[in-house]
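data.pdb follows; it contains PDB, C-alpha atoms.
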```pdb
ATOM      1  CA  MET A  39       0.000   0.000   0.000
ATOM      2  CA  LYS A  40       2.794   2.342   0.957
ATOM      3  CA  ASN A  41       4.585   1.474  -2.274
ATOM      4  CA  ILE A  42       1.556   2.248  -4.400
ATOM      5  CA  PHE A  43       1.175   5.575  -2.649
ATOM      6  CA  PHE A  44       4.826   6.321  -3.312
ATOM      7  CA  ILE A  45       4.522   5.418  -7.004
ATOM      8  CA  VAL A  46       1.437   7.576  -7.400
ATOM      9  CA  MET A  47       3.245  10.476  -5.746
ATOM     10  CA  LEU A  48       6.234  10.020  -7.991
ATOM     11  CA  LEU A  49       4.074   9.867 -11.110
ATOM     12  CA  SER A  50       2.067  12.915 -10.194
ATOM     13  CA  THR A  51       5.134  15.035  -9.516
ATOM     14  CA  GLN A  52       6.602  13.934 -12.814
ATOM     15  CA  LEU A  53       3.389  14.857 -14.553
ATOM     16  CA  ALA A  54       3.403  18.250 -12.948
ATOM     17  CA  PHE A  55       7.043  19.051 -13.615
ATOM     18  CA  GLY A  56       8.102  17.281 -16.769
ATOM     19  CA  GLN A  57       5.926  19.397 -18.983
ATOM     20  CA  LYS A  58       6.173  21.935 -21.692
ATOM     21  CA  TYR A  59       3.946  24.917 -22.071
ATOM     22  CA  PHE A  60       3.394  26.965 -25.190
ATOM     23  CA  SER A  61       1.376  29.752 -26.719
ATOM     24  CA  LYS A  62       0.768  31.121 -30.187
ATOM     25  CA  THR A  63      -0.885  34.244 -28.865
ATOM     26  CA  GLY A  64       2.022  35.794 -27.019
ATOM     27  CA  LYS A  65       1.895  39.574 -26.909
ATOM     28  CA  ILE A  66       4.922  41.684 -27.678
ATOM     29  CA  SER A  67       4.768  45.434 -27.761
ATOM     30  CA  PHE A  68       7.409  48.074 -27.944
ATOM     31  CA  LYS A  69       7.621  51.728 -27.252
ATOM     32  CA  SER A  70      10.216  54.348 -27.938
ATOM     33  CA  GLU A  71       9.786  57.886 -26.760
ATOM     34  CA  ALA A  72      11.791  60.903 -27.788
ATOM     35  CA  SER A  73      10.992  64.607 -27.669
ATOM     36  CA  MET A  74       9.295  64.632 -31.054
ATOM     37  CA  GLU A  75       8.351  61.129 -31.877
ATOM     38  CA  LYS A  76       6.552  58.475 -29.900
ATOM     39  CA  ILE A  77       6.698  55.117 -31.598
ATOM     40  CA  GLU A  78       4.461  52.279 -30.452
ATOM     41  CA  ALA A  79       3.406  48.957 -31.932
ATOM     42  CA  GLN A  80       1.868  45.661 -30.884
ATOM     43  CA  ASN A  81       1.933  42.068 -32.011
ATOM     44  CA  ALA A  82      -0.475  39.494 -30.550
ATOM     45  CA  SER A  83       0.670  36.401 -32.443
ATOM     46  CA  ALA A  84       4.081  35.601 -31.038
ATOM     47  CA  SER A  85       4.990  31.939 -30.518
ATOM     48  CA  THR A  86       6.614  30.871 -27.283
ATOM     49  CA  ALA A  87       7.496  27.679 -25.454
ATOM     50  CA  LEU A  88       8.498  27.200 -21.829
ATOM     51  CA  ASP A  89       9.800  24.007 -20.267
ATOM     52  CA  ILE A  90       8.931  24.355 -16.596
ATOM     53  CA  ASN A  91      11.379  21.636 -15.700
ATOM     54  CA  SER A  92      14.568  22.949 -17.295
ATOM     55  CA  GLY A  93      13.518  26.590 -17.568
ATOM     56  CA  ASN A  94      14.237  26.604 -21.302
ATOM     57  CA  LEU A  95      12.409  29.467 -22.929
ATOM     58  CA  GLU A  96      11.882  30.373 -26.563
ATOM     59  CA  TRP A  97      10.075  33.159 -28.351
ATOM     60  CA  ALA A  98       9.582  33.968 -32.000
ATOM     61  CA  VAL A  99       7.692  36.823 -33.606
ATOM     62  CA  LEU A 100       7.017  38.034 -37.129
ATOM     63  CA  ILE A 101       8.204  41.601 -37.710
ATOM     64  CA  GLN A 102       5.559  42.383 -40.320
ATOM     65  CA  GLY A 103       2.872  41.440 -37.806
ATOM     66  CA  PHE A 104       3.534  44.531 -35.668
ATOM     67  CA  LYS A 105       0.632  46.931 -35.777
ATOM     68  CA  PHE A 106       1.092  50.678 -35.751
ATOM     69  CA  ASP A 107      -1.500  53.415 -35.735
ATOM     70  CA  LYS A 108       0.291  55.369 -38.414
ATOM     71  CA  ALA A 109       0.794  53.815 -41.855
ATOM     72  CA  LEU A 110       3.960  55.766 -42.580
ATOM     73  CA  MET A 111       5.545  54.698 -39.307
ATOM     74  CA  GLN A 112       4.743  51.062 -40.060
ATOM     75  CA  GLU A 113       6.273  51.417 -43.505
ATOM     76  CA  HIS A 114       9.459  53.019 -42.205
ATOM     77  CA  PHE A 115       9.745  50.443 -39.443
ATOM     78  CA  ASN A 116       9.561  47.571 -41.944
ATOM     79  CA  GLU A 117      11.492  49.031 -44.839
ATOM     80  CA  ASN A 118      14.125  51.340 -43.359
ATOM     81  CA  TYR A 119      14.759  50.085 -39.850
ATOM     82  CA  MET A 120      13.982  46.364 -39.496
ATOM     83  CA  GLU A 121      14.295  45.458 -43.202
ATOM     84  CA  SER A 122      11.632  42.880 -42.530
ATOM     85  CA  SER A 123      11.550  41.391 -46.004
ATOM     86  CA  THR A 124      15.154  40.259 -45.464
ATOM     87  CA  TYR A 125      14.798  39.544 -41.723
ATOM     88  CA  PRO A 126      11.156  38.543 -41.222
ATOM     89  CA  LYS A 127      11.511  37.200 -37.663
ATOM     90  CA  ALA A 128      12.900  38.080 -34.274
ATOM     91  CA  LYS A 129      13.785  35.211 -31.940
ATOM     92  CA  PHE A 130      14.772  34.722 -28.353
ATOM     93  CA  LYS A 131      16.335  31.508 -27.111
ATOM     94  CA  GLY A 132      17.356  31.186 -23.518
ATOM     95  CA  LYS A 133      16.537  30.107 -20.039
ATOM     96  CA  ILE A 134      14.782  31.170 -16.902
ATOM     97  CA  ASP A 135      17.747  31.104 -14.550
ATOM     98  CA  ASN A 136      15.837  30.477 -11.343
ATOM     99  CA  ILE A 137      12.993  28.276 -12.549
ATOM    100  CA  SER A 138      13.283  26.244  -9.330
ATOM    101  CA  ALA A 139      12.106  29.341  -7.421
ATOM    102  CA  VAL A 140       8.685  28.903  -9.038
ATOM    103  CA  ASN A 141       6.308  26.454  -7.388
ATOM    104  CA  PHE A 142       4.009  25.521 -10.254
ATOM    105  CA  LEU A 143       1.712  23.687  -7.866
ATOM    106  CA  LYS A 144       1.056  26.737  -5.742
ATOM    107  CA  ASP A 145      -0.693  29.941  -6.765
ATOM    108  CA  GLY A 146       1.532  32.954  -6.599
ATOM    109  CA  VAL A 147       3.502  35.630  -8.389
ATOM    110  CA  TYR A 148       7.137  34.629  -8.723
ATOM    111  CA  ASN A 149      10.029  36.902  -9.639
ATOM    112  CA  VAL A 150      12.345  35.366 -12.181
ATOM    113  CA  THR A 151      15.297  36.330 -14.314
ATOM    114  CA  ALA A 152      15.942  35.176 -17.855
ATOM    115  CA  THR A 153      19.064  35.203 -19.981
ATOM    116  CA  GLY A 154      19.562  34.210 -23.563
ATOM    117  CA  GLN A 155      20.235  35.260 -27.109
ATOM    118  CA  LEU A 156      18.029  37.710 -28.935
ATOM    119  CA  GLU A 157      18.160  37.687 -32.705
ATOM    120  CA  MET A 158      16.703  40.505 -34.732
ATOM    121  CA  HIS A 159      17.611  42.349 -37.899
ATOM    122  CA  GLY A 160      19.975  39.432 -38.577
ATOM    123  CA  ILE A 161      22.115  40.107 -35.503
ATOM    124  CA  THR A 162      22.248  37.979 -32.353
ATOM    125  CA  LYS A 163      23.149  39.485 -28.965
ATOM    126  CA  PRO A 164      22.908  38.297 -25.398
ATOM    127  CA  VAL A 165      20.116  39.761 -23.293
ATOM    128  CA  ALA A 166      19.235  39.469 -19.625
ATOM    129  CA  THR A 167      15.974  40.531 -18.099
ATOM    130  CA  SER A 168      13.762  40.100 -15.096
ATOM    131  CA  GLY A 169      10.099  39.281 -15.093
ATOM    132  CA  VAL A 170       7.303  37.536 -13.272
ATOM    133  CA  ILE A 171       5.659  34.161 -13.654
ATOM    134  CA  THR A 172       2.137  33.968 -12.303
ATOM    135  CA  VAL A 173       0.581  30.658 -11.310
ATOM    136  CA  LYS A 174      -3.138  30.797 -10.763
ATOM    137  CA  GLY A 175      -5.366  27.754 -10.522
ATOM    138  CA  GLY A 176      -2.928  25.717 -12.623
ATOM    139  CA  ALA A 177      -2.699  28.386 -15.329
ATOM    140  CA  ILE A 178       0.711  29.868 -16.049
ATOM    141  CA  SER A 179       1.382  33.320 -17.388
ATOM    142  CA  ALA A 180       4.556  35.315 -17.781
ATOM    143  CA  LYS A 181       5.483  38.942 -18.205
ATOM    144  CA  SER A 182       8.682  40.838 -18.743
ATOM    145  CA  ASN A 183       9.968  44.209 -19.747
ATOM    146  CA  PHE A 184      13.407  45.065 -21.055
ATOM    147  CA  SER A 185      15.101  47.543 -23.274
ATOM    148  CA  VAL A 186      17.439  47.137 -26.217
ATOM    149  CA  LEU A 187      19.880  49.491 -27.853
ATOM    150  CA  LEU A 188      19.089  49.780 -31.558
ATOM    151  CA  ALA A 189      22.770  50.163 -32.472
ATOM    152  CA  ASP A 190      23.470  46.692 -30.999
ATOM    153  CA  TYR A 191      21.307  45.209 -33.727
ATOM    154  CA  GLY A 192      22.733  47.274 -36.556
ATOM    155  CA  ILE A 193      19.610  49.405 -36.766
ATOM    156  CA  THR A 194      20.741  52.867 -37.757
ATOM    157  CA  ILE A 195      18.767  56.053 -37.389
ATOM    158  CA  PRO A 196      19.263  58.548 -40.215
ATOM    159  CA  LYS A 197      21.142  61.663 -39.013
ATOM    160  CA  LEU A 198      18.340  63.933 -40.130
ATOM    161  CA  VAL A 199      15.902  62.443 -37.610
ATOM    162  CA  ALA A 200      18.423  61.220 -35.023
ATOM    163  CA  ASP A 201      17.281  63.766 -32.424
ATOM    164  CA  ASN A 202      13.645  62.763 -32.853
ATOM    165  CA  ILE A 203      14.041  59.048 -32.391
ATOM    166  CA  SER A 204      15.087  57.310 -29.217
ATOM    167  CA  LYS A 205      18.215  55.161 -29.381
ATOM    168  CA  THR A 206      16.688  52.533 -27.129
ATOM    169  CA  VAL A 207      13.400  50.690 -27.355
ATOM    170  CA  ASP A 208      11.354  49.323 -24.468
ATOM    171  CA  ILE A 209       9.962  45.885 -25.137
ATOM    172  CA  THR A 210       7.168  44.255 -23.164
ATOM    173  CA  VAL A 211       6.232  40.591 -23.461
ATOM    174  CA  ASP A 212       3.110  39.098 -21.958
ATOM    175  CA  VAL A 213       1.730  35.594 -22.383
ATOM    176  CA  SER A 214      -0.746  33.079 -20.998
ATOM    177  CA  TYR A 215       0.666  29.599 -21.511
ATOM    178  CA  GLN A 216      -1.163  26.425 -22.442
ATOM    179  CA  LEU A 217      -0.005  22.903 -21.731
ATOM    180  CA  MET A 218       1.669  21.424 -24.789
ATOM    181  CA  PRO A 219      -0.106  18.263 -25.928
ATOM    182  CA  THR A 220       2.210  15.266 -25.719
ATOM    183  CA  GLU A 221       2.892  13.370 -28.898
TER     184      GLU A 221
ATOM    185  CA  MET B 649      13.418 107.336 -64.334
ATOM    186  CA  LEU B 650      11.051 108.846 -61.863
ATOM    187  CA  ILE B 651       8.145 108.235 -64.154
ATOM    188  CA  ILE B 652       9.087 104.631 -64.715
ATOM    189  CA  SER B 653       9.407 103.844 -61.045
ATOM    190  CA  GLN B 654       6.129 105.563 -60.327
ATOM    191  CA  VAL B 655       4.457 103.523 -62.987
ATOM    192  CA  PHE B 656       6.026 100.227 -61.972
ATOM    193  CA  ARG B 657       6.137 100.482 -58.207
ATOM    194  CA  PRO B 658       2.452  99.819 -57.585
ATOM    195  CA  ILE B 659       2.500  96.923 -60.047
ATOM    196  CA  ASN B 660       5.604  95.466 -58.422
ATOM    197  CA  ALA B 661       4.099  95.697 -54.964
ATOM    198  CA  LYS B 662       0.945  94.036 -56.207
ATOM    199  CA  ALA B 663       2.943  91.318 -57.906
ATOM    200  CA  MET B 664       5.000  90.799 -54.769
ATOM    201  CA  LYS B 665       1.866  90.479 -52.721
ATOM    202  CA  LYS B 666       0.491  87.907 -55.145
ATOM    203  CA  ILE B 667       3.694  85.923 -55.094
ATOM    204  CA  LEU B 668       3.803  86.049 -51.307
ATOM    205  CA  ILE B 669       0.199  84.925 -50.922
ATOM    206  CA  THR B 670       0.776  82.113 -53.424
ATOM    207  CA  LEU B 671       3.845  80.995 -51.501
ATOM    208  CA  ILE B 672       2.017  81.054 -48.179
ATOM    209  CA  VAL B 673      -0.885  79.073 -49.614
ATOM    210  CA  LEU B 674       1.531  76.523 -51.102
ATOM    211  CA  ALA B 675       3.392  76.213 -47.806
ATOM    212  CA  VAL B 676       0.149  75.666 -45.915
ATOM    213  CA  ILE B 677      -0.954  73.028 -48.435
ATOM    214  CA  ALA B 678       2.431  71.284 -48.256
ATOM    215  CA  ALA B 679       2.434  71.361 -44.459
ATOM    216  CA  SER B 680      -1.110  70.038 -44.153
ATOM    217  CA  TYR B 681      -0.386  67.349 -46.732
ATOM    218  CA  GLY B 682       2.721  66.383 -44.767
ATOM    219  CA  TYR B 683       0.748  66.336 -41.540
ATOM    220  CA  TYR B 684      -2.006  64.294 -43.183
ATOM    221  CA  MET B 685       0.496  61.765 -44.571
ATOM    222  CA  TYR B 686       2.303  61.573 -41.228
ATOM    223  CA  ASN B 687      -0.904  60.805 -39.340
ATOM    224  CA  LYS B 688      -2.540  58.668 -41.996
ATOM    225  CA  PRO B 689      -3.808  55.467 -40.396
ATOM    226  CA  VAL B 690      -2.917  52.053 -41.769
ATOM    227  CA  GLU B 691      -5.187  51.506 -44.759
ATOM    228  CA  SER B 692      -7.817  48.779 -44.764
ATOM    229  CA  LEU B 693      -7.319  45.920 -47.205
ATOM    230  CA  GLU B 694     -11.059  45.939 -47.913
ATOM    231  CA  ASN B 695     -10.656  47.656 -51.271
ATOM    232  CA  LYS B 696      -7.235  46.329 -52.146
ATOM    233  CA  GLU B 697      -6.840  43.743 -54.827
ATOM    234  CA  ALA B 698      -5.268  40.455 -53.704
ATOM    235  CA  GLU B 699      -1.903  39.836 -55.341
ATOM    236  CA  VAL B 700      -2.074  36.058 -54.931
ATOM    237  CA  THR B 701      -4.992  33.643 -54.505
ATOM    238  CA  ILE B 702      -4.209  30.287 -52.936
ATOM    239  CA  SER B 703      -5.691  27.472 -50.840
ATOM    240  CA  ALA B 704      -4.828  27.134 -47.144
ATOM    241  CA  ASP B 705      -3.250  23.728 -47.879
ATOM    242  CA  GLN B 706      -1.048  25.008 -50.671
ATOM    243  CA  LEU B 707       0.080  28.039 -48.671
ATOM    244  CA  ILE B 708       1.224  25.937 -45.712
ATOM    245  CA  ALA B 709       2.795  23.370 -48.073
ATOM    246  CA  ASP B 710       4.829  26.091 -49.791
ATOM    247  CA  TYR B 711       6.090  27.369 -46.435
ATOM    248  CA  GLU B 712       6.891  23.867 -45.178
ATOM    249  CA  SER B 713       8.908  22.935 -48.244
ATOM    250  CA  ASP B 714      10.930  26.168 -48.563
ATOM    251  CA  GLU B 715      10.294  29.047 -46.200
ATOM    252  CA  LYS B 716      12.641  31.438 -47.969
ATOM    253  CA  ALA B 717      11.134  30.856 -51.391
ATOM    254  CA  ALA B 718       7.642  31.128 -49.912
ATOM    255  CA  ASN B 719       8.519  34.446 -48.271
ATOM    256  CA  GLU B 720       9.611  35.748 -51.644
ATOM    257  CA  LYS B 721       6.207  34.829 -53.026
ATOM    258  CA  TYR B 722       3.938  35.864 -50.168
ATOM    259  CA  LEU B 723       5.650  37.972 -47.466
ATOM    260  CA  GLY B 724       4.204  41.464 -47.215
ATOM    261  CA  LYS B 725       1.721  40.758 -49.988
ATOM    262  CA  VAL B 726      -2.062  40.820 -49.925
ATOM    263  CA  VAL B 727      -2.982  37.151 -50.177
ATOM    264  CA  MET B 728      -6.436  35.658 -50.686
ATOM    265  CA  VAL B 729      -6.762  32.285 -48.973
ATOM    266  CA  ASN B 730      -9.541  29.709 -49.367
ATOM    267  CA  GLY B 731     -10.043  27.408 -46.429
ATOM    268  CA  LYS B 732     -12.168  25.851 -43.741
ATOM    269  CA  ILE B 733     -12.525  27.509 -40.352
ATOM    270  CA  THR B 734     -11.312  25.391 -37.425
ATOM    271  CA  ASP B 735     -12.019  27.960 -34.742
ATOM    272  CA  ILE B 736     -12.455  31.643 -34.035
ATOM    273  CA  THR B 737     -10.865  33.295 -31.033
ATOM    274  CA  ASN B 738     -11.454  36.677 -29.496
ATOM    275  CA  GLU B 739      -8.890  37.669 -26.926
ATOM    276  CA  GLU B 740      -9.272  41.210 -25.573
ATOM    277  CA  GLY B 741     -11.019  42.311 -28.740
ATOM    278  CA  LYS B 742      -8.363  40.784 -30.991
ATOM    279  CA  LYS B 743     -10.219  38.441 -33.284
ATOM    280  CA  LYS B 744      -8.507  35.601 -35.066
ATOM    281  CA  VAL B 745      -9.961  33.146 -37.538
ATOM    282  CA  ASN B 746      -7.950  29.956 -37.919
ATOM    283  CA  LEU B 747      -8.046  27.946 -41.119
ATOM    284  CA  GLU B 748      -7.442  24.232 -41.392
ATOM    285  CA  THR B 749      -4.467  22.860 -43.319
ATOM    286  CA  SER B 750      -3.348  19.330 -44.171
ATOM    287  CA  ASN B 751      -0.890  19.533 -41.253
ATOM    288  CA  PRO B 752      -2.730  19.102 -37.915
ATOM    289  CA  ILE B 753      -0.289  21.323 -36.001
ATOM    290  CA  SER B 754      -0.180  24.147 -38.551
ATOM    291  CA  ALA B 755      -2.926  26.588 -39.333
ATOM    292  CA  ILE B 756      -3.422  29.754 -41.300
ATOM    293  CA  ILE B 757      -3.998  32.263 -38.521
ATOM    294  CA  CYS B 758      -5.943  35.271 -39.769
ATOM    295  CA  GLU B 759      -5.771  38.263 -37.467
ATOM    296  CA  MET B 760      -8.938  40.108 -38.368
ATOM    297  CA  GLU B 761      -9.005  43.793 -39.098
ATOM    298  CA  GLU B 762     -10.360  45.734 -36.135
ATOM    299  CA  ASN B 763     -14.096  46.398 -35.990
ATOM    300  CA  LYS B 764     -14.754  43.556 -38.405
ATOM    301  CA  LYS B 765     -17.665  41.360 -37.400
ATOM    302  CA  THR B 766     -17.015  37.644 -37.094
ATOM    303  CA  GLU B 767     -20.308  36.627 -35.452
ATOM    304  CA  HIS B 768     -21.687  35.264 -38.710
ATOM    305  CA  LEU B 769     -18.734  32.882 -39.030
ATOM    306  CA  LYS B 770     -18.500  29.482 -37.418
ATOM    307  CA  ALA B 771     -16.188  26.472 -37.317
ATOM    308  CA  GLY B 772     -16.593  24.328 -40.420
ATOM    309  CA  ASP B 773     -17.472  27.210 -42.756
ATOM    310  CA  MET B 774     -15.567  27.459 -46.010
ATOM    311  CA  ILE B 775     -14.406  31.037 -46.444
ATOM    312  CA  LYS B 776     -12.212  33.304 -48.504
ATOM    313  CA  VAL B 777      -9.985  35.597 -46.484
ATOM    314  CA  LYS B 778      -7.870  38.439 -47.742
ATOM    315  CA  GLY B 779      -4.937  39.481 -45.557
ATOM    316  CA  MET B 780      -1.344  40.654 -45.533
ATOM    317  CA  CYS B 781       1.008  37.709 -45.138
ATOM    318  CA  SER B 782       3.429  38.419 -42.290
ATOM    319  CA  GLY B 783       5.325  35.133 -42.550
ATOM    320  CA  TYR B 784       5.624  31.708 -40.961
ATOM    321  CA  LEU B 785       6.055  30.467 -37.380
ATOM    322  CA  SER B 786       4.826  26.879 -37.777
ATOM    323  CA  ASP B 787       1.598  28.659 -38.746
ATOM    324  CA  VAL B 788       1.243  31.173 -41.534
ATOM    325  CA  ILE B 789      -0.018  34.449 -40.097
ATOM    326  CA  LEU B 790      -2.128  36.891 -42.068
ATOM    327  CA  VAL B 791      -2.715  40.328 -40.564
ATOM    328  CA  GLN B 792      -5.405  42.941 -41.270
ATOM    329  CA  SER B 793      -7.592  40.171 -42.641
ATOM    330  CA  VAL B 794     -11.052  40.676 -44.071
ATOM    331  CA  VAL B 795     -13.531  38.023 -45.117
ATOM    332  CA  VAL B 796     -14.458  38.180 -48.793
ATOM    333  CA  ASN B 797     -17.957  37.162 -49.814
TER     334      ASN B 797
END
```
So, in terms of C-alpha cells, how does the structure I just supplied come out?
Amino acid sequence: MKNIFFIVMLLSTQLAFGQKYFSKTGKISFKSEASMEKIEAQNASASTALDINSGNLEWAVLIQGFKFDKALMQEHFNENYMESSTYPKAKFKGKIDNISAVNFLKDGVYNVTATGQLEMHGITKPVATSGVITVKGGAISAKSNFSVLLADYGITIPKLVADNISKTVDITVDVSYQLMPTE
Amino acid sequence: MLIISQVFRPINAKAMKKILITLIVLAVIAASYGYYMYNKPVESLENKEAEVTISADQLIADYESDEKAANEKYLGKVVMVNGKITDITNEEGKKKVNLETSNPISAIICEMEENKKTEHLKAGDMIKVKGMCSGYLSDVILVQSVVVN
C-alpha cells in the first residue's frame, strides 16, 4: 500500500514538472519615446514555449505582424529600420535562470530572471531581463519588460531624424501559456 | 526714371503680394499634406486587390517545403486564402480566424481587421480571407484580414 502511494506520488510530480507549455498568442509590444516622436506597436501572435522543468524558454515573432496606428511609421519600421523582407523574424532563445524558485503547484507571483540570445535584424546578442511568472489555478502566465539598444542590432537612425528618435526601445512581453499536448 | 518707377512700383508691390500669398498658400498646403500623410492610419485591405490567390493547404505546403522561397512569393503581400474555419478566437477584442491545413499542427492564422464582425462565421465554414502575409512560425499568419464574400 505504501509502495503504491509512493509510485502515485512520484508519477504525479513527474506529470506536474516534466511538462512543456506553449502559446501562439504571445503579446509583444514596444515603445520608444523621444521629444518629437513616440513610436508604439503591438503584435499578438508571437509563438513561445516554456519548459517548466529545465527553464528553457523560446520566443519567435514576425516583424511584419507589428501593428502601428500610423501607416507611414509602419512602412518606415519595416522598410528602413527592421528590413523585414530580409529579416522577417525576431527570436529569443534562452533560459529562466531560477525556474526552481517557481512552485508551479502553488498559486503565486514569482520573480524570475531570464538570460539568452536575442536575434533581430539578422544580428544575435545576449540579453538578460527580469520578469514575473504567475501561477493561478494551474494556469501559467509570464510577463517581462526590457530595453534594447538599436545600435546593438545594426539598426541605424538617419542623421536627419536622429534627435527625434530614441536610441533605445522598451519591449514588453506578456503571455498566458497552455499545456503542450504530448505526442 | 522717376516716371518709370512711379508707374512700376504699384505693379511690383501688387505682384510681390500675389507671389507672397501664393507661396504662403503653397506652404500651408504642403504642411497640411505632410501632416495628413504623417498621421494617416494604416489603410484597410477591404478595397485592395489580392496579389495572390491560394488554398490554405497550398500556402502551408509552400512554407513547409521552402520558407525562404515562400517568403519571396507571399511575405508582405495581400494574399487571398480559401479554407475551412477550425475555430475563431477573441482575446481582448483581438479576433482571429484559424483555417485548417493538411498539417494538424499548422494553421493559417488570420488576425482580423479591427471592428470587423465575425459573429456570422463558425467552425466548419468554407471562407475566402484576404490578408497581408506576415510570414511563418509553424503557422502562416495573415494580418489585417477581411472576409471576402
Practice item. Find the residues around Ile708 of chain B up to 8 Å (all atoms listed in the file counted), leave out those fewer than 5 positions away in its own chain, and share them as a PyMOL selection string. Key: chain B and resi 749+754-756+787-788
Practice item. Quick one: everything within 7 Å of segment 690-701 of chain B, counting all atoms listed in the file, minus sequence neighbours fewer than 2 positions away in the same chain. Send it as a PyMOL selection string. Key: (chain A and resi 107-109) or (chain B and resi 688+725-729+778+792+794)
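Among the candidate residues B:Thr766, B:Asn660, B:Gln706, B:Asn687, the one lying nearest to Ile736 of chain B is B:Thr766, with distances computed using only C-alpha atoms.
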Check your understanding: What residues come out when you apply the ChimeraX specification (/B :<12) & /A to this file, written as a ChimeraX atom specification?
Key -> /A:61-65,75,80-86,97-114,116-117,121-129,213-214,218-219,221
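Going from atom CA of Lys197 of chain A to atom CA of Tyr119 of chain A covers 13.2 Å.
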Review point. Evaluating the PyMOL selection byres ((chain A and resi 173) around 6) on the displayed file yields which residues, as a PyMOL selection string?
Key: chain A and resi 145-146+172+174+177-178
Residue subset to file, keeping C-alpha atoms, as a PDB file, keeping the file's coordinate frame:
```pdb
ATOM      1  CA  ASP A 145      -0.693  29.941  -6.765  1.00  0.00           C
ATOM      2  CA  GLY A 146       1.532  32.954  -6.599  1.00  0.00           C
ATOM      3  CA  THR A 172       2.137  33.968 -12.303  1.00  0.00           C
ATOM      4  CA  LYS A 174      -3.138  30.797 -10.763  1.00  0.00           C
ATOM      5  CA  ALA A 177      -2.699  28.386 -15.329  1.00  0.00           C
ATOM      6  CA  ILE A 178       0.711  29.868 -16.049  1.00  0.00           C
TER       7      ILE A 178
END
```
Practice item. Could you expand the PyMOL selection byres ((chain B and resi 733) around 7) into the explicit residues it covers here, written as a PyMOL selection string? Key: chain B and resi 731-732+734-735+745-748+770-774
Reconstruct N, CA and C atoms of segment 102-115 of chain A; output as a PDB file, keeping the file's coordinate frame.
```
ATOM      1  N   GLN A 102       6.623  41.716 -39.560  1.00  0.00           N
ATOM      2  CA  GLN A 102       5.559  42.383 -40.320  1.00  0.00           C
ATOM      3  C   GLN A 102       4.198  42.278 -39.653  1.00  0.00           C
ATOM      4  N   GLY A 103       4.132  41.549 -38.538  1.00  0.00           N
ATOM      5  CA  GLY A 103       2.872  41.440 -37.806  1.00  0.00           C
ATOM      6  C   GLY A 103       2.692  42.543 -36.771  1.00  0.00           C
ATOM      7  N   PHE A 104       3.675  43.433 -36.631  1.00  0.00           N
ATOM      8  CA  PHE A 104       3.534  44.531 -35.668  1.00  0.00           C
ATOM      9  C   PHE A 104       2.589  45.586 -36.214  1.00  0.00           C
ATOM     10  N   LYS A 105       1.641  45.953 -35.360  1.00  0.00           N
ATOM     11  CA  LYS A 105       0.632  46.931 -35.777  1.00  0.00           C
ATOM     12  C   LYS A 105       0.934  48.311 -35.223  1.00  0.00           C
ATOM     13  N   PHE A 106       0.895  49.273 -36.116  1.00  0.00           N
ATOM     14  CA  PHE A 106       1.092  50.678 -35.751  1.00  0.00           C
ATOM     15  C   PHE A 106      -0.209  51.424 -36.020  1.00  0.00           C
ATOM     16  N   ASP A 107      -0.348  52.572 -35.414  1.00  0.00           N
ATOM     17  CA  ASP A 107      -1.500  53.415 -35.735  1.00  0.00           C
ATOM     18  C   ASP A 107      -1.259  54.166 -37.036  1.00  0.00           C
ATOM     19  N   LYS A 108      -0.021  54.560 -37.242  1.00  0.00           N
ATOM     20  CA  LYS A 108       0.291  55.369 -38.414  1.00  0.00           C
ATOM     21  C   LYS A 108       0.923  54.524 -39.514  1.00  0.00           C
ATOM     22  N   ALA A 109       0.343  54.624 -40.717  1.00  0.00           N
ATOM     23  CA  ALA A 109       0.794  53.815 -41.855  1.00  0.00           C
ATOM     24  C   ALA A 109       2.250  54.084 -42.216  1.00  0.00           C
ATOM     25  N   LEU A 110       2.614  55.368 -42.182  1.00  0.00           N
ATOM     26  CA  LEU A 110       3.960  55.766 -42.580  1.00  0.00           C
ATOM     27  C   LEU A 110       5.012  55.208 -41.617  1.00  0.00           C
ATOM     28  N   MET A 111       4.646  55.210 -40.324  1.00  0.00           N
ATOM     29  CA  MET A 111       5.545  54.698 -39.307  1.00  0.00           C
ATOM     30  C   MET A 111       5.766  53.198 -39.510  1.00  0.00           C
ATOM     31  N   GLN A 112       4.673  52.499 -39.822  1.00  0.00           N
ATOM     32  CA  GLN A 112       4.743  51.062 -40.060  1.00  0.00           C
ATOM     33  C   GLN A 112       5.642  50.762 -41.268  1.00  0.00           C
ATOM     34  N   GLU A 113       5.479  51.589 -42.296  1.00  0.00           N
ATOM     35  CA  GLU A 113       6.273  51.417 -43.505  1.00  0.00           C
ATOM     36  C   GLU A 113       7.767  51.651 -43.228  1.00  0.00           C
ATOM     37  N   HIS A 114       8.058  52.729 -42.520  1.00  0.00           N
ATOM     38  CA  HIS A 114       9.459  53.019 -42.205  1.00  0.00           C
ATOM     39  C   HIS A 114      10.073  51.952 -41.318  1.00  0.00           C
ATOM     40  N   PHE A 115       9.299  51.501 -40.348  1.00  0.00           N
ATOM     41  CA  PHE A 115       9.745  50.443 -39.443  1.00  0.00           C
ATOM     42  C   PHE A 115      10.156  49.203 -40.237  1.00  0.00           C
TER      43      PHE A 115
END
```
